[in-house]
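**Q** I'd like to ask you about the structure that follows.
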Amino acid sequence: MKIVAVIEDDPSMRTSVARVLHASGYTCETYESAEDYLDRLAASKANSVLIDIHLGGLSGIELCKRLKVSSRAFNVILMTGIDIEANEEKAIKAGCSAYLHKPFSAHSLIDAIEKQESR
């Protein structure tokens with residue numbers, strides 16, 4: 001089963017991404033913050049995680065770092081609506097497998113997920 005966790009503080013973006021994932025055959029878990037996701041991490045079945053960089057509280061980059069040192073293997077995709085080159089560099093150093101600029105196409109999102117799943 002293909003399951004993706006979406007961590008996004010903007011409700012409309014969270015809903016839009018979930019719709020795209022469902023339409024593409026994915027099951028989607030949604031979370032409004034990094035802390036919300038970490039609180040429920042043990043119950044999560046997702047192996048791909050789509051995280052907004054700019055969240056209230058713990059940032060997407062910090063969450064990515066935590067997931068990369070955990071005992072589970074995660075495909076972490078970071079997304080942002082703020083185009084700052086330094087953030088992209090930090091995201092890559094944190095271990096993300098893809099970096100998406102909002103707004104991104106459904107094809108870009110699915111491609112980022114499937115490239116890692118096929119490895």
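All residue names refer to the structure tokens as shown: chains lettered A, B, ... in order, residues numbered from 1 in each chain, ligands numbered from 1 in order.
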Based on the backbone DSSP call, show me all residues of chain A assigned strand (DSSP E or B), as a list in words.

**A**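 For chain A, the strand (DSSP E or B) set is Ile3, Val4, Ala5, Val6, Ile7, Thr27, Cys28, Glu29, Thr30, Tyr31, Ser48, Val49, Leu50, Ile51, Asp52, Asn75, Val76, Ile77, Leu78, Met79, Thr80, Ala98, Tyr99, Leu100 and His101 of chain A.
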
**Q** Output N, CA, C and O atoms for every residue in that selection, as a short mmCIF file (atom, residue, chain, number, x, y, z; two decimals), in the first residue's frame.

**A**
```cif
data_model
loop_
_atom_site.label_atom_id
_atom_site.label_comp_id
_atom_site.auth_asym_id
_atom_site.auth_seq_id
_atom_site.Cartn_x
_atom_site.Cartn_y
_atom_site.Cartn_z
N ILE A 3 1.42 4.87 1.04
CA ILE A 3 0.90 5.81 2.02
C ILE A 3 1.87 6.98 2.15
O ILE A 3 3.08 6.79 2.29
N VAL A 4 1.31 8.19 2.10
CA VAL A 4 2.11 9.40 2.22
C VAL A 4 1.56 10.23 3.37
O VAL A 4 0.36 10.45 3.48
N ALA A 5 2.45 10.69 4.25
CA ALA A 5 2.08 11.63 5.31
C ALA A 5 2.34 13.04 4.79
O ALA A 5 3.39 13.31 4.21
N VAL A 6 1.36 13.91 4.97
CA VAL A 6 1.48 15.30 4.55
C VAL A 6 1.45 16.18 5.80
O VAL A 6 0.47 16.17 6.54
N ILE A 7 2.54 16.92 6.03
CA ILE A 7 2.62 17.82 7.17
C ILE A 7 2.62 19.24 6.60
O ILE A 7 3.61 19.68 6.00
N THR A 27 -2.83 6.47 -0.34
CA THR A 27 -3.53 6.75 0.91
C THR A 27 -2.76 7.90 1.54
O THR A 27 -1.54 7.97 1.46
N CYS A 28 -3.48 8.80 2.18
CA CYS A 28 -2.85 10.01 2.70
C CYS A 28 -3.18 10.18 4.18
O CYS A 28 -4.33 10.06 4.59
N GLU A 29 -2.15 10.46 4.96
CA GLU A 29 -2.31 10.86 6.36
C GLU A 29 -1.98 12.34 6.41
O GLU A 29 -0.97 12.76 5.84
N THR A 30 -2.80 13.14 7.07
CA THR A 30 -2.53 14.57 7.12
C THR A 30 -2.30 15.04 8.55
O THR A 30 -2.93 14.55 9.49
N TYR A 31 -1.38 15.99 8.68
CA TYR A 31 -1.00 16.55 9.97
C TYR A 31 -0.83 18.04 9.81
O TYR A 31 -0.29 18.50 8.80
N SER A 48 6.63 7.63 2.88
CA SER A 48 6.96 8.90 2.24
C SER A 48 6.31 10.01 3.05
O SER A 48 5.17 9.88 3.48
N VAL A 49 7.06 11.10 3.24
CA VAL A 49 6.58 12.21 4.06
C VAL A 49 6.81 13.50 3.28
O VAL A 49 7.93 13.79 2.87
N LEU A 50 5.73 14.24 3.08
CA LEU A 50 5.78 15.53 2.41
C LEU A 50 5.62 16.61 3.48
O LEU A 50 4.60 16.64 4.17
N ILE A 51 6.63 17.46 3.62
CA ILE A 51 6.66 18.42 4.73
C ILE A 51 6.86 19.84 4.21
O ILE A 51 7.78 20.10 3.44
N ASP A 52 6.01 20.74 4.68
CA ASP A 52 6.21 22.17 4.42
C ASP A 52 7.40 22.62 5.27
O ASP A 52 7.53 22.23 6.43
N ASN A 75 11.24 8.44 2.96
CA ASN A 75 11.43 9.26 1.77
C ASN A 75 10.86 10.62 2.15
O ASN A 75 9.65 10.77 2.30
N VAL A 76 11.71 11.61 2.39
CA VAL A 76 11.27 12.92 2.84
C VAL A 76 11.33 13.91 1.68
O VAL A 76 12.39 14.10 1.08
N ILE A 77 10.19 14.53 1.41
CA ILE A 77 10.08 15.55 0.38
C ILE A 77 9.71 16.85 1.09
O ILE A 77 8.73 16.89 1.83
N LEU A 78 10.51 17.86 0.88
CA LEU A 78 10.22 19.16 1.48
C LEU A 78 9.63 20.08 0.43
O LEU A 78 9.98 20.01 -0.75
N MET A 79 8.70 20.94 0.87
CA MET A 79 8.06 21.89 -0.05
C MET A 79 8.04 23.27 0.60
O MET A 79 8.02 23.39 1.83
N THR A 80 8.04 24.29 -0.25
CA THR A 80 8.01 25.66 0.25
C THR A 80 7.42 26.60 -0.78
O THR A 80 7.54 26.37 -1.98
N ALA A 98 13.70 15.16 -2.19
CA ALA A 98 13.22 16.08 -3.21
C ALA A 98 12.82 17.38 -2.54
O ALA A 98 12.47 17.41 -1.35
N TYR A 99 12.83 18.44 -3.33
CA TYR A 99 12.51 19.79 -2.84
C TYR A 99 11.58 20.41 -3.86
O TYR A 99 11.96 20.59 -5.02
N LEU A 100 10.36 20.72 -3.45
CA LEU A 100 9.37 21.25 -4.37
C LEU A 100 9.04 22.70 -4.03
O LEU A 100 8.88 23.05 -2.86
N HIS A 101 8.91 23.51 -5.06
CA HIS A 101 8.52 24.91 -4.91
C HIS A 101 7.03 25.03 -5.18
O HIS A 101 6.55 24.58 -6.22
#
```

**Q** Going by DSSP on the backbone, which residues of stretch 67-116 of chain A come out as helix (DSSP H, G or I)? List them as a list of chain:residue names.

**A**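 Those in stretch 67-116 of chain A that DSSP calls helix (DSSP H, G or I) are A:Leu67, A:Lys68, A:Glu85, A:Ala86, A:Asn87, A:Glu88, A:Glu89, A:Lys90, A:Ala91, A:Ile92, A:Lys93, A:Ala94, A:Ala106, A:His107, A:Ser108, A:Leu109, A:Ile110, A:Asp111, A:Ala112, A:Ile113, A:Glu114, A:Lys115, A:Gln116.
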
**Q** Pick from A:Ala42, A:Ala86, A:Met1, A:Val20: nearest to A:Ser105, with only C-alpha atoms counted?

**A**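 Result for the nearest residue to A:Ser105: A:Val20.
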
**Q** I'd like the contact shell of A:Lys65 - 12 Å cut-off, only C-alpha atoms, skipping same-chain residues fewer than 2 positions apart - returned as a VMD selection string.

**A** chain A and resid 34 51 53 58 to 63 67 to 70 74 to 78 90 to 96

**Q** Please save N, CA and C atoms of the selected residues as a PDB file, in the first residue's frame.

**A**
```pdb
ATOM      1  N   ALA A  34       4.515  19.698  12.689  1.00  0.00           N
ATOM      2  CA  ALA A  34       5.545  18.681  12.907  1.00  0.00           C
ATOM      3  C   ALA A  34       5.310  17.978  14.240  1.00  0.00           C
ATOM      4  N   ILE A  51       6.632  17.457   3.619  1.00  0.00           N
ATOM      5  CA  ILE A  51       6.662  18.416   4.726  1.00  0.00           C
ATOM      6  C   ILE A  51       6.857  19.836   4.211  1.00  0.00           C
ATOM      7  N   ILE A  53       8.259  23.431   4.696  1.00  0.00           N
ATOM      8  CA  ILE A  53       9.424  23.909   5.445  1.00  0.00           C
ATOM      9  C   ILE A  53       9.007  24.870   6.555  1.00  0.00           C
ATOM     10  N   LEU A  58       8.217  23.573  15.262  1.00  0.00           N
ATOM     11  CA  LEU A  58       9.336  22.857  14.640  1.00  0.00           C
ATOM     12  C   LEU A  58       9.265  23.000  13.119  1.00  0.00           C
ATOM     13  N   SER A  59      10.358  23.372  12.492  1.00  0.00           N
ATOM     14  CA  SER A  59      10.374  23.577  11.037  1.00  0.00           C
ATOM     15  C   SER A  59      10.419  22.243  10.292  1.00  0.00           C
ATOM     16  N   GLY A  60      10.079  22.303   9.029  1.00  0.00           N
ATOM     17  CA  GLY A  60      10.148  21.117   8.181  1.00  0.00           C
ATOM     18  C   GLY A  60      11.562  20.572   8.059  1.00  0.00           C
ATOM     19  N   ILE A  61      12.543  21.460   8.026  1.00  0.00           N
ATOM     20  CA  ILE A  61      13.943  21.012   7.932  1.00  0.00           C
ATOM     21  C   ILE A  61      14.344  20.279   9.205  1.00  0.00           C
ATOM     22  N   GLU A  62      13.949  20.798  10.362  1.00  0.00           N
ATOM     23  CA  GLU A  62      14.263  20.115  11.629  1.00  0.00           C
ATOM     24  C   GLU A  62      13.561  18.761  11.709  1.00  0.00           C
ATOM     25  N   LEU A  63      12.322  18.696  11.245  1.00  0.00           N
ATOM     26  CA  LEU A  63      11.607  17.421  11.228  1.00  0.00           C
ATOM     27  C   LEU A  63      12.303  16.429  10.304  1.00  0.00           C
ATOM     28  N   LEU A  67      13.722  12.697  11.290  1.00  0.00           N
ATOM     29  CA  LEU A  67      13.276  11.476  10.618  1.00  0.00           C
ATOM     30  C   LEU A  67      14.452  10.704  10.015  1.00  0.00           C
ATOM     31  N   LYS A  68      15.440  11.426   9.531  1.00  0.00           N
ATOM     32  CA  LYS A  68      16.587  10.765   8.902  1.00  0.00           C
ATOM     33  C   LYS A  68      17.454   9.994   9.901  1.00  0.00           C
ATOM     34  N   VAL A  69      17.395  10.349  11.179  1.00  0.00           N
ATOM     35  CA  VAL A  69      18.184   9.619  12.177  1.00  0.00           C
ATOM     36  C   VAL A  69      17.333   8.606  12.942  1.00  0.00           C
ATOM     37  N   SER A  70      16.081   8.476  12.563  1.00  0.00           N
ATOM     38  CA  SER A  70      15.220   7.505  13.236  1.00  0.00           C
ATOM     39  C   SER A  70      15.505   6.099  12.709  1.00  0.00           C
ATOM     40  N   PHE A  74      12.684   6.733   5.693  1.00  0.00           N
ATOM     41  CA  PHE A  74      11.686   7.656   5.175  1.00  0.00           C
ATOM     42  C   PHE A  74      12.151   8.294   3.880  1.00  0.00           C
ATOM     43  N   ASN A  75      11.243   8.440   2.955  1.00  0.00           N
ATOM     44  CA  ASN A  75      11.432   9.261   1.774  1.00  0.00           C
ATOM     45  C   ASN A  75      10.856  10.622   2.155  1.00  0.00           C
ATOM     46  N   VAL A  76      11.714  11.606   2.388  1.00  0.00           N
ATOM     47  CA  VAL A  76      11.266  12.920   2.841  1.00  0.00           C
ATOM     48  C   VAL A  76      11.335  13.905   1.679  1.00  0.00           C
ATOM     49  N   ILE A  77      10.185  14.527   1.410  1.00  0.00           N
ATOM     50  CA  ILE A  77      10.084  15.549   0.380  1.00  0.00           C
ATOM     51  C   ILE A  77       9.709  16.846   1.091  1.00  0.00           C
ATOM     52  N   LEU A  78      10.511  17.864   0.879  1.00  0.00           N
ATOM     53  CA  LEU A  78      10.220  19.159   1.484  1.00  0.00           C
ATOM     54  C   LEU A  78       9.627  20.083   0.429  1.00  0.00           C
ATOM     55  N   LYS A  90      19.931  23.857   2.917  1.00  0.00           N
ATOM     56  CA  LYS A  90      19.709  23.262   4.234  1.00  0.00           C
ATOM     57  C   LYS A  90      18.861  21.994   4.119  1.00  0.00           C
ATOM     58  N   ALA A  91      17.865  22.027   3.266  1.00  0.00           N
ATOM     59  CA  ALA A  91      16.972  20.877   3.080  1.00  0.00           C
ATOM     60  C   ALA A  91      17.741  19.675   2.538  1.00  0.00           C
ATOM     61  N   ILE A  92      18.577  19.917   1.574  1.00  0.00           N
ATOM     62  CA  ILE A  92      19.371  18.829   0.986  1.00  0.00           C
ATOM     63  C   ILE A  92      20.351  18.272   2.013  1.00  0.00           C
ATOM     64  N   LYS A  93      21.000  19.149   2.778  1.00  0.00           N
ATOM     65  CA  LYS A  93      21.914  18.695   3.831  1.00  0.00           C
ATOM     66  C   LYS A  93      21.177  17.915   4.920  1.00  0.00           C
ATOM     67  N   ALA A  94      19.898  18.256   5.149  1.00  0.00           N
ATOM     68  CA  ALA A  94      19.097  17.559   6.165  1.00  0.00           C
ATOM     69  C   ALA A  94      18.700  16.163   5.703  1.00  0.00           C
ATOM     70  N   GLY A  95      18.823  15.906   4.399  1.00  0.00           N
ATOM     71  CA  GLY A  95      18.555  14.561   3.901  1.00  0.00           C
ATOM     72  C   GLY A  95      17.280  14.381   3.112  1.00  0.00           C
ATOM     73  N   CYS A  96      16.669  15.463   2.661  1.00  0.00           N
ATOM     74  CA  CYS A  96      15.444  15.280   1.873  1.00  0.00           C
ATOM     75  C   CYS A  96      15.785  14.672   0.511  1.00  0.00           C
TER      76      CYS A  96
END
```
